[in-house]
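query24.txt follows; it contains compact mmCIF, C-alpha atoms.
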# COMPACT_ATOMS: atom_id res chain seq x y z
CA MET A 1 161.98 190.33 178.85
CA ARG A 2 164.32 187.61 177.65
CA HIS A 3 161.30 185.74 176.25
CA MET A 4 159.89 188.70 174.30
CA PRO A 5 161.49 187.89 170.90
CA ARG A 6 160.28 184.27 171.15
CA SER A 7 156.69 185.25 172.01
CA ARG A 8 156.71 187.86 169.23
CA THR A 9 157.80 185.17 166.76
CA LEU A 10 155.01 182.93 168.01
CA ILE A 11 152.43 185.72 167.61
CA ARG A 12 153.73 186.44 164.09
CA LEU A 13 153.50 182.74 163.25
CA LEU A 14 149.94 182.57 164.56
CA LEU A 15 148.97 185.69 162.58
CA LEU A 16 150.51 184.19 159.44
CA LEU A 17 148.59 180.94 159.99
CA CYS A 18 145.31 182.85 160.50
CA ALA A 19 145.95 184.92 157.36
CA ALA A 20 146.78 181.80 155.34
CA SER A 21 143.57 180.04 156.38
CA THR A 22 141.50 183.18 155.68
CA VAL A 23 143.00 183.51 152.21
CA ARG A 24 142.26 179.84 151.53
CA ALA A 25 138.62 180.24 152.69
CA GLU A 26 138.15 183.37 150.56
CA GLU A 27 139.67 181.71 147.50
CA ALA A 28 137.34 178.78 147.98
CA GLY A 29 134.21 180.92 148.30
CA ARG A 30 130.90 179.33 149.14
CA TYR A 31 128.48 177.41 146.99
CA THR A 32 124.71 177.64 146.96
CA THR A 33 122.59 175.46 144.72
CA GLY A 34 119.10 176.34 143.55
CA LEU A 35 116.74 176.99 140.66
CA VAL A 36 117.11 180.20 138.63
CA LEU A 37 114.20 182.58 139.35
CA SER A 38 115.49 185.57 137.40
CA ILE A 39 118.66 186.92 135.85
CA ASP A 40 119.60 190.34 134.52
CA THR A 41 122.84 192.15 133.75
CA GLY A 42 123.59 192.93 137.38
CA SER A 43 122.12 190.16 139.49
CA ILE A 44 120.78 186.63 139.63
CA SER A 45 118.11 185.26 141.96
CA ILE A 46 117.86 181.61 142.84
CA GLN A 47 115.63 179.47 145.00
CA PRO A 48 117.62 176.96 147.06
CA PRO A 49 115.78 173.73 147.93
CA ALA A 50 113.99 173.69 151.29
CA ARG A 51 116.25 172.20 153.95
CA PHE A 52 113.45 171.08 156.21
CA HIS A 53 110.06 169.55 155.48
CA GLY A 54 107.46 172.29 155.28
CA GLN A 55 110.02 175.11 155.14
CA ALA A 56 108.81 178.01 152.99
CA PRO A 57 110.97 178.53 149.89
CA ASN A 58 113.38 181.43 150.14
CA THR A 59 115.11 183.50 147.50
CA GLU A 60 118.78 184.40 147.40
CA THR A 61 120.08 187.16 145.16
CA TYR A 62 123.70 187.64 144.14
CA HIS A 63 125.38 190.51 142.31
CA ILE A 64 127.11 189.59 139.08
CA ASP A 65 129.85 191.36 137.19
CA PRO A 66 129.59 190.11 133.58
CA LEU A 67 133.29 190.90 132.99
CA LYS A 68 134.50 188.81 135.91
CA LEU A 69 131.81 186.16 136.10
CA LYS A 70 132.71 182.63 135.00
CA VAL A 71 129.86 180.52 133.63
CA LEU A 72 130.20 176.77 133.16
CA ARG A 73 127.81 174.17 131.84
CA MET A 74 127.89 170.61 133.19
CA ASP A 75 126.38 168.16 130.77
CA VAL A 76 125.85 164.40 130.83
CA GLY A 77 127.58 162.47 128.07
CA VAL A 78 129.72 159.41 127.39
CA GLY A 79 131.82 158.71 130.49
CA GLY A 80 129.75 160.85 132.86
CA VAL A 81 129.51 164.59 133.44
CA HIS A 82 131.51 166.98 131.25
CA THR A 83 132.13 170.66 131.92
CA SER A 84 132.35 173.31 129.20
CA ASN A 85 132.40 177.11 129.08
CA ALA A 86 129.09 178.93 128.74
CA THR A 87 127.70 182.46 129.00
CA THR A 88 124.87 184.05 130.95
CA THR A 89 122.71 183.84 127.81
CA ASP A 90 122.76 180.05 128.27
CA LEU A 91 120.96 180.45 131.60
CA HIS A 92 117.20 180.05 131.69
CA VAL A 93 114.60 180.45 134.40
CA GLY A 94 114.14 177.05 136.04
CA ASP A 95 117.71 175.85 135.39
CA ARG A 96 119.36 174.15 138.35
CA ILE A 97 122.60 175.99 139.05
CA SER A 98 125.35 176.20 141.62
CA VAL A 99 126.53 179.71 142.53
CA LYS A 100 130.04 180.19 143.87
CA HIS A 101 130.02 183.42 145.82
CA THR A 102 131.92 185.52 148.28
CA ASN A 103 129.35 187.29 150.41
CA ASP A 104 126.74 188.54 147.88
CA GLN A 105 129.05 188.64 144.85
CA ALA A 106 128.72 185.67 142.50
CA THR A 107 132.06 184.67 140.96
CA GLU A 108 131.08 181.47 139.18
CA LEU A 109 127.83 179.94 137.94
CA ARG A 110 127.55 176.29 137.03
CA ILE A 111 124.57 175.04 135.08
CA LEU A 112 124.03 171.63 136.65
CA PRO A 113 122.87 168.50 134.85
CA PRO A 114 119.61 166.87 135.94
CA PRO A 115 120.18 164.95 139.17
CA PRO A 116 120.56 161.17 138.88
CA VAL A 117 117.42 159.07 139.15
CA GLN A 118 117.73 156.70 142.10
CA GLY A 119 115.55 153.68 142.44
CA ARG A 120 115.15 149.97 141.85
CA ILE A 121 115.24 148.18 138.51
CA VAL A 122 111.72 146.84 137.89
CA ALA A 123 112.15 145.64 134.31
CA ILE A 124 114.96 144.86 131.88
CA GLY A 125 114.12 144.84 128.20
CA ARG A 126 116.15 144.73 125.00
CA GLY A 127 118.67 147.52 125.46
CA ALA A 128 116.58 149.27 128.09
CA ILE A 129 115.86 149.24 131.80
CA THR A 130 112.91 150.59 133.79
CA VAL A 131 113.67 152.20 137.15
CA ARG A 132 111.15 152.87 139.91
CA PRO A 133 112.27 155.92 141.90
CA THR A 134 112.95 155.55 145.62
CA ILE A 135 109.97 157.46 146.95
CA PRO A 136 106.79 156.35 148.77
CA ALA A 137 105.49 153.18 147.09
CA ALA A 138 102.00 154.58 146.56
CA ILE A 139 103.17 157.06 143.96
CA ALA A 140 106.45 155.46 142.82
CA ALA A 141 104.89 153.08 140.27
CA ALA A 142 103.35 156.01 138.41
CA LEU A 143 106.80 157.55 138.05
CA ASP A 144 108.63 154.57 136.52
CA GLN A 145 111.25 155.79 134.06
CA SER A 146 112.69 153.80 131.18
CA PHE A 147 116.19 154.40 129.89
CA ASN A 148 118.00 153.09 126.86
CA VAL A 149 121.34 151.45 127.60
CA ASP A 150 124.21 150.05 125.58
CA ASP A 151 127.54 148.67 126.67
CA LYS A 152 129.52 150.96 124.35
CA ARG A 153 128.21 154.33 125.47
CA SER A 154 126.84 153.57 128.94
CA GLU A 155 129.25 153.34 131.85
CA ILE A 156 127.87 150.65 134.16
CA THR A 157 129.58 150.06 137.49
CA SER A 158 128.87 148.26 140.73
CA SER A 159 130.37 148.33 144.21
CA THR A 160 129.64 145.82 146.94
CA VAL A 161 130.11 148.36 149.71
CA ALA A 162 129.47 152.10 149.84
CA GLY A 163 132.76 153.93 149.36
CA ALA A 164 134.59 150.93 147.90
CA PRO A 165 136.06 151.23 144.41
CA ALA A 166 133.44 150.46 141.80
CA ARG A 167 134.12 147.82 139.18
CA LYS A 168 132.84 147.87 135.61
CA ILE A 169 130.07 145.48 134.78
CA ARG A 170 128.05 144.83 131.62
CA TYR A 171 124.44 145.50 130.77
CA SER A 172 123.78 141.74 130.94
CA ASP A 173 124.89 141.76 134.63
CA LEU A 174 122.00 144.04 135.65
CA GLN A 175 119.21 142.32 137.56
CA VAL A 176 115.64 143.21 138.44
CA GLY A 177 115.51 144.34 142.08
CA GLN A 178 118.93 145.99 142.15
CA GLY A 179 119.15 149.51 143.51
CA VAL A 180 120.59 151.87 140.91
CA SER A 181 121.48 155.49 140.34
CA VAL A 182 121.03 156.55 136.72
CA LEU A 183 122.55 159.66 135.17
CA ALA A 184 120.77 160.25 131.89
CA LYS A 185 120.37 162.78 129.14
CA GLY A 186 116.90 162.54 127.75
CA ARG A 187 116.11 158.84 127.71
CA PHE A 188 119.66 157.57 127.33
CA ALA A 189 121.45 156.34 130.46
CA PHE A 190 125.09 157.42 130.22
CA VAL A 191 126.01 156.31 133.74
CA ILE A 192 124.42 153.52 135.76
CA ARG A 193 125.74 152.78 139.22
CA VAL A 194 124.47 149.67 140.98
CA LEU A 195 124.12 150.76 144.58
CA PRO A 196 125.53 148.62 147.39
CA ALA A 197 123.17 146.41 149.34
CA GLY A 198 122.45 147.14 153.00
CA GLN A 199 124.92 146.24 155.73
CA VAL A 200 124.69 144.70 159.18
CA MET A 201 126.97 146.39 161.71
CA GLY A 202 128.34 144.88 164.88
CA THR A 203 131.27 143.53 166.85
CA VAL A 204 132.96 140.27 165.93
CA ASN A 205 132.27 137.52 168.51
CA ARG A 206 133.79 134.61 166.63
CA VAL A 207 135.54 134.23 163.32
CA GLY A 208 136.35 130.94 161.60
CA ALA A 209 137.68 129.85 158.23
CA SER A 210 134.32 130.27 156.54
CA GLU A 211 131.93 131.74 159.09
CA ILE A 212 131.74 134.85 161.21
CA THR A 213 129.49 135.66 164.17
CA ILE A 214 128.82 139.23 165.18
CA LYS A 215 126.92 140.93 167.97
CA VAL A 216 124.69 143.28 166.03
CA ALA A 217 124.82 146.90 167.16
CA GLY A 218 121.62 148.31 168.64
CA ARG A 219 119.02 147.39 171.24
CA PHE A 220 117.04 144.18 171.00
CA PRO A 221 113.87 143.12 172.86
CA ALA A 222 114.26 140.51 175.60
CA GLY A 223 114.54 137.03 174.15
CA VAL A 224 115.78 138.22 170.77
CA SER A 225 119.40 137.32 170.14
CA ALA A 226 121.68 140.08 168.97
CA GLU A 227 124.06 137.48 167.53
CA ARG A 228 124.06 136.72 163.84
CA GLU A 229 126.18 134.20 162.02
CA PHE A 230 127.14 134.51 158.38
CA GLY A 231 128.95 132.00 156.26
CA PHE A 232 131.43 133.29 153.68
CA ASP A 233 133.59 131.97 150.91
CA PRO A 234 137.18 132.88 151.92
CA ARG A 235 138.22 133.01 148.25
CA LYS A 236 135.42 135.33 147.22
CA VAL A 237 134.57 137.50 150.21
CA GLU A 238 135.69 141.12 149.76
CA VAL A 239 137.35 142.73 152.79
CA PHE A 240 137.79 146.48 153.23
CA ASP A 241 139.40 148.74 155.81
CA GLN A 242 137.68 152.00 156.58
CA MET B 243 138.15 152.83 152.23
CA ARG B 244 140.67 150.40 150.78
CA PRO B 245 140.99 146.66 150.28
CA GLY B 246 141.77 144.75 153.48
CA ASP B 247 142.64 141.23 154.50
CA ILE B 248 140.38 138.59 156.02
CA THR B 249 143.14 137.76 158.54
CA ASP B 250 142.68 141.25 160.03
CA VAL B 251 139.14 140.37 161.11
CA ALA B 252 139.55 139.52 164.79
CA VAL B 253 137.28 139.05 167.79
CA GLY B 254 136.29 142.51 169.04
CA SER B 255 136.68 144.23 165.65
CA GLU B 256 133.90 146.58 164.63
CA VAL B 257 132.64 145.36 161.27
CA ALA B 258 129.89 145.95 158.74
CA ILE B 259 128.78 142.87 156.84
CA THR B 260 127.11 142.96 153.45
CA PRO B 261 124.92 139.87 153.25
CA GLU B 262 123.55 138.24 150.13
CA ALA B 263 121.32 135.19 150.50
CA GLY B 264 122.45 134.73 154.11
CA LYS B 265 126.16 134.75 153.24
CA ALA B 266 128.64 137.54 153.77
CA ILE B 267 129.87 138.80 150.41
CA ALA B 268 131.80 141.72 151.93
CA ILE B 269 133.23 142.53 155.34
CA THR B 270 134.21 146.10 156.12
CA ILE B 271 136.46 146.60 159.14
CA ASN B 272 135.59 149.92 160.81
CA HIS B 273 138.74 151.29 162.42
CA PRO B 274 137.98 153.79 165.19
CA ALA B 275 138.69 157.42 164.31
CA VAL B 276 141.23 159.58 166.14
CA TYR B 277 140.42 163.27 166.57
CA GLY B 278 143.01 165.93 167.20
CA THR B 279 144.96 168.97 166.07
CA LEU B 280 147.78 168.71 163.55
CA SER B 281 151.01 169.69 165.29
CA GLU B 282 153.45 168.68 162.58
CA VAL B 283 153.18 167.89 158.88
CA GLY B 284 156.08 166.02 157.31
CA SER B 285 156.65 164.78 153.80
CA ASP B 286 154.97 161.44 154.47
CA CYS B 287 153.65 161.68 158.02
CA VAL B 288 151.56 163.85 160.31
CA THR B 289 151.64 164.31 164.07
CA VAL B 290 148.39 164.94 165.89
CA ILE B 291 147.78 166.16 169.42
CA VAL B 292 145.00 163.96 170.76
CA ASN B 293 143.14 164.76 173.96
CA ASP B 294 142.35 161.43 175.60
CA GLY B 295 140.20 163.02 178.30
CA THR B 296 142.87 163.38 180.94
CA LYS B 297 145.97 164.47 179.08
CA GLN B 298 147.20 165.46 175.65
CA VAL B 299 149.09 162.82 173.71
CA GLU B 300 151.03 163.20 170.46
CA ARG B 301 150.52 160.49 167.86
CA THR B 302 152.31 160.20 164.54
CA PHE B 303 150.68 158.61 161.51
CA ARG B 304 152.10 157.71 158.13
CA ILE B 305 150.51 159.03 154.95
CA GLY B 306 150.68 156.65 152.01
CA ASP B 307 149.84 156.75 148.32
CA ARG B 308 146.44 155.28 149.04
CA THR B 309 145.57 157.62 151.92
CA ALA B 310 142.38 159.53 151.14
CA ILE B 311 142.57 163.16 152.29
CA PHE B 312 139.40 165.23 152.45
CA VAL B 313 139.90 168.98 152.88
CA GLY B 314 136.95 170.72 154.51
CA SER B 315 135.56 174.14 153.75
CA GLU B 316 132.50 175.66 155.34
CA ASP B 317 129.48 175.18 153.09
CA HIS B 318 127.12 177.33 155.11
CA SER B 319 126.17 178.16 158.67
CA THR B 320 122.79 178.47 160.30
CA LYS B 321 121.85 180.32 163.45
CA MET B 322 119.93 177.94 165.69
CA ALA B 323 116.98 178.89 167.91
CA SER B 324 119.24 178.16 170.90
CA GLY B 325 121.58 180.95 169.77
CA LYS B 326 124.32 178.56 168.69
CA THR B 327 125.60 178.57 165.15
CA LEU B 328 125.51 175.33 163.23
CA HIS B 329 128.36 175.06 160.71
CA ILE B 330 127.94 172.69 157.79
CA TRP B 331 131.18 171.50 156.22
CA ARG B 332 131.88 170.23 152.74
CA PHE B 333 134.82 167.83 152.45
CA ALA B 334 136.40 167.72 149.04
CA PRO B 335 138.13 164.45 148.17
CA GLY B 336 141.48 164.30 146.40
CA GLY B 337 143.46 166.28 148.96
CA HIS B 338 147.25 166.05 149.17
CA ILE B 339 149.61 166.13 152.14
CA GLY B 340 150.66 169.58 150.88
CA ASP B 341 147.13 170.82 151.62
CA LEU B 342 147.52 170.11 155.33
CA ARG B 343 148.38 172.92 157.74
CA VAL B 344 149.64 172.82 161.30
CA GLY B 345 146.82 173.79 163.65
CA GLU B 346 144.06 172.27 161.54
CA TYR B 347 141.58 169.98 163.20
CA ALA B 348 141.73 166.43 161.86
CA SER B 349 139.78 163.22 162.18
CA ILE B 350 141.91 160.28 161.19
CA THR B 351 141.00 156.68 160.46
CA ALA B 352 144.10 154.53 160.62
CA LYS B 353 145.12 150.91 160.57
CA GLY B 354 148.00 150.82 163.01
CA ASP B 355 149.91 153.99 162.18
CA GLN B 356 148.97 153.95 158.48
CA VAL B 357 146.26 156.49 157.66
CA ILE B 358 143.38 155.09 155.62
CA SER B 359 141.55 158.40 155.39
CA MET B 360 141.57 161.77 157.08
CA ARG B 361 139.36 164.83 157.11
CA VAL B 362 140.71 168.23 158.03
CA ARG B 363 139.07 171.53 158.90
CA PRO B 364 140.66 174.93 159.44
CA ALA B 365 142.13 175.79 162.82
CA GLY B 366 139.58 176.95 165.36
CA SER B 367 136.64 175.31 163.58
CA GLN B 368 136.17 172.39 165.96
CA ALA B 369 132.95 172.15 167.95
CA LYS B 370 133.07 174.15 171.16
As C-alpha cells, how would this structure be written, given the file I've shared?
Amino acid sequence: MRHMPRSRTLIRLLLLLCAASTVRAEEAGRYTTGLVLSIDTGSISIQPPARFHGQAPNTETYHIDPLKLKVLRMDVGVGGVHTSNATTTDLHVGDRISVKHTNDQATELRILPPPPVQGRIVAIGRGAITVRPTIPAAIAAALDQSFNVDDKRSEITSSTVAGAPARKIRYSDLQVGQGVSVLAKGRFAFVIRVLPAGQVMGTVNRVGASEITIKVAGRFPAGVSAEREFGFDPRKVEVFDQ
Amino acid sequence: MRPGDITDVAVGSEVAITPEAGKAIAITINHPAVYGTLSEVGSDCVTVIVNDGTKQVERTFRIGDRTAIFVGSEDHSTKMASGKTLHIWRFAPGGHIGDLRVGEYASITAKGDQVISMRVRPAGSQAK
C-alpha cells in the first residue's frame, strides 16, 4: 500500500507520454503521393505509384473540406524548389501531388514539381548538357534529355560521398560520364547535383602515410583476394565520420 | 555524416572508400550504431538503455551543434501475407534535442561519446 502513490504517479507519467506521442503523430498526419485522377468539391482521388513490379494500380480517395484544406504549389526556380500558396482550382488531372491526411480526411495538398532526371552526362555543349537517364541501356539512348545551364541561375553542386556536404562547382567543372540529378523547369536546369561515385566497403588491414589496404566486405571465390590497396594523397583525401 | 580526420583511420575500422583512377579520394569511417531506448534527455546529452544481449546497460552520449537528428514518423503500414504488419518510417532531418522524448527508440551513430547522427521513433514502435 505504501507504494501505491508512486505506482500511480508512474502510470500517470506513462499515460501522459502515450498521449503526447499520439498528439504528435496526429499533428504530423500521413503523406501519400500519387497522380490526381479526379477532384470535386468534396473529395480527391489519386493513384499512388505501384510499390512492387507488376502490382495493379490502386486508387485512394480522400475527403476534402474546402474551408480547412491547405493547398500548396512546389515549383522549380532559381535556387531549387519554392513553395507558394495555391487553390484547388490549380489542381489538374495528372498532376503529381502529395496528400497529407488523417485517416480519410485530406488536410493539405501539395502540387509537386516534376521529379529530378537522374542519369549520366553524355554530352556537354555551349551552355547545355545532355543527360541519359539511368534506365535499361536499350531504351535509355532514345530518352536523352538536353538542358540549358548557366552559372548565374543554375545551382551546380557536387559531393564526393553520399550524405557529405555538397560544394558548389561551376558549369565548366562538369564532365561527360558523371552521374547527375537534374531538377529542371521546361528545358532549363535550375539544380544540377553531381552524384557521388561508387564506394568500396571493408575493414582496414593496413594504413600508411599515403596508402590504405582494406579487406573488402563480401564473399569472394577461392583464389580471389579480398584485399585491395589504394593510394591516397594525405593533403587532398577527404575523410568523413558516419 | 561530418568531416573526419585521417588519423582516426585505424586497423580494424569499418570504412567505405571512394576510388578515382585507382586512388582513394574519400574515406568514410563507418562507426557502428548503438540501438536502445532513451531513458534521459538533458540539455546537451542523452542517456540510452542498450540491451547487449545479456544485460541492460546505460550509455550517455553528448549532442553537439553538428549532431544530425532525424525524427521518425510512420509513413504507412502494410499487412504482410504472414499476418505481420510492416511499418515504413519516414525520418525527417533537422530535428532538435527538444524533439526527443524519454521512452523513444533510438539508433545512434557516435564517435566516442559524441553523437554524429541519431534517428528516433516513438515509444513502442521498435520491431518485435
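The list of residues with at least one atom within 8 Å of region 316-333 of chain B, based on all atoms listed in the file and without residues fewer than 5 positions apart in the same chain, reads Arg30 and Tyr31 of chain A; Arg361 of chain B.
Using only C-alpha atoms for every distance, the candidate list A:Ile111, A:Leu174, A:Val99, A:Ile192 yields A:Val99 as the residue closest to chain B.
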Which residues of chain B are close to chain A, meaning at most 10 Å apart when you count all atoms listed in the file, and how do they look as a PyMOL selection string?
chain B and resi 243-275+314-318+332+343-346+351-353+357-359+363-366
What would the file look like if the residues just selected were written as a PDB file, in the coordinates of the input with C-alpha atoms?
ATOM      1  CA  MET B 243     138.150 152.830 152.230  1.00  0.00           C
ATOM      2  CA  ARG B 244     140.670 150.400 150.780  1.00  0.00           C
ATOM      3  CA  PRO B 245     140.990 146.660 150.280  1.00  0.00           C
ATOM      4  CA  GLY B 246     141.770 144.750 153.480  1.00  0.00           C
ATOM      5  CA  ASP B 247     142.640 141.230 154.500  1.00  0.00           C
ATOM      6  CA  ILE B 248     140.380 138.590 156.020  1.00  0.00           C
ATOM      7  CA  THR B 249     143.140 137.760 158.540  1.00  0.00           C
ATOM      8  CA  ASP B 250     142.680 141.250 160.030  1.00  0.00           C
ATOM      9  CA  VAL B 251     139.140 140.370 161.110  1.00  0.00           C
ATOM     10  CA  ALA B 252     139.550 139.520 164.790  1.00  0.00           C
ATOM     11  CA  VAL B 253     137.280 139.050 167.790  1.00  0.00           C
ATOM     12  CA  GLY B 254     136.290 142.510 169.040  1.00  0.00           C
ATOM     13  CA  SER B 255     136.680 144.230 165.650  1.00  0.00           C
ATOM     14  CA  GLU B 256     133.900 146.580 164.630  1.00  0.00           C
ATOM     15  CA  VAL B 257     132.640 145.360 161.270  1.00  0.00           C
ATOM     16  CA  ALA B 258     129.890 145.950 158.740  1.00  0.00           C
ATOM     17  CA  ILE B 259     128.780 142.870 156.840  1.00  0.00           C
ATOM     18  CA  THR B 260     127.110 142.960 153.450  1.00  0.00           C
ATOM     19  CA  PRO B 261     124.920 139.870 153.250  1.00  0.00           C
ATOM     20  CA  GLU B 262     123.550 138.240 150.130  1.00  0.00           C
ATOM     21  CA  ALA B 263     121.320 135.190 150.500  1.00  0.00           C
ATOM     22  CA  GLY B 264     122.450 134.730 154.110  1.00  0.00           C
ATOM     23  CA  LYS B 265     126.160 134.750 153.240  1.00  0.00           C
ATOM     24  CA  ALA B 266     128.640 137.540 153.770  1.00  0.00           C
ATOM     25  CA  ILE B 267     129.870 138.800 150.410  1.00  0.00           C
ATOM     26  CA  ALA B 268     131.800 141.720 151.930  1.00  0.00           C
ATOM     27  CA  ILE B 269     133.230 142.530 155.340  1.00  0.00           C
ATOM     28  CA  THR B 270     134.210 146.100 156.120  1.00  0.00           C
ATOM     29  CA  ILE B 271     136.460 146.600 159.140  1.00  0.00           C
ATOM     30  CA  ASN B 272     135.590 149.920 160.810  1.00  0.00           C
ATOM     31  CA  HIS B 273     138.740 151.290 162.420  1.00  0.00           C
ATOM     32  CA  PRO B 274     137.980 153.790 165.190  1.00  0.00           C
ATOM     33  CA  ALA B 275     138.690 157.420 164.310  1.00  0.00           C
ATOM     34  CA  GLY B 314     136.950 170.720 154.510  1.00  0.00           C
ATOM     35  CA  SER B 315     135.560 174.140 153.750  1.00  0.00           C
ATOM     36  CA  GLU B 316     132.500 175.660 155.340  1.00  0.00           C
ATOM     37  CA  ASP B 317     129.480 175.180 153.090  1.00  0.00           C
ATOM     38  CA  HIS B 318     127.120 177.330 155.110  1.00  0.00           C
ATOM     39  CA  ARG B 332     131.880 170.230 152.740  1.00  0.00           C
ATOM     40  CA  ARG B 343     148.380 172.920 157.740  1.00  0.00           C
ATOM     41  CA  VAL B 344     149.640 172.820 161.300  1.00  0.00           C
ATOM     42  CA  GLY B 345     146.820 173.790 163.650  1.00  0.00           C
ATOM     43  CA  GLU B 346     144.060 172.270 161.540  1.00  0.00           C
ATOM     44  CA  THR B 351     141.000 156.680 160.460  1.00  0.00           C
ATOM     45  CA  ALA B 352     144.100 154.530 160.620  1.00  0.00           C
ATOM     46  CA  LYS B 353     145.120 150.910 160.570  1.00  0.00           C
ATOM     47  CA  VAL B 357     146.260 156.490 157.660  1.00  0.00           C
ATOM     48  CA  ILE B 358     143.380 155.090 155.620  1.00  0.00           C
ATOM     49  CA  SER B 359     141.550 158.400 155.390  1.00  0.00           C
ATOM     50  CA  ARG B 363     139.070 171.530 158.900  1.00  0.00           C
ATOM     51  CA  PRO B 364     140.660 174.930 159.440  1.00  0.00           C
ATOM     52  CA  ALA B 365     142.130 175.790 162.820  1.00  0.00           C
ATOM     53  CA  GLY B 366     139.580 176.950 165.360  1.00  0.00           C
TER      54      GLY B 366
END
Please determine, counting all atoms listed in the file, which residue among A:Val36, A:Ile64, A:Leu195, A:Met74 has the shortest atom-to-atom distance to Leu112 (chain A).
A:Met74
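Using only C-alpha atoms for every distance, the candidate list B:Val299, B:Val276, B:Val290, B:Ile311 yields B:Ile311 as the residue closest to His338 (chain B).
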Extract, using all atoms listed in the file, all DNA, RNA and protein residues at most 7 Å from region 76-90 of chain A, discarding same-chain residues fewer than 4 positions from it, and format them as a PyMOL selection string.
chain A and resi 71-72+113+153-155+184-185+190-191
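Here CA of Ala334 (chain B) is placed at a distance of 24.8 Å from CA of Gly354 (chain B).
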For a test of reading the model, state the distance in Å between CA of His92 (chain A) and CA of Glu108 (chain A), rounded to one decimal.
15.8 Å
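Those residues that approach Glu300 (chain B) to within 9 Å, counting all atoms listed in the file, are Ser281, Thr289, Val290, Ile291, Val292 and Asn293 of chain B; same-chain residues fewer than 3 positions away are not listed.
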Would you mind listing what lies within 10 Å of Gly125 (chain A) as a PyMOL selection string, with all atoms listed in the file counted and same-chain residues fewer than 2 positions away left out?
chain A and resi 123+127-130+146-149
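Taking CA of Asp286 (chain B) as the reference point, CA of Ser349 (chain B) is found at 17.1 Å.
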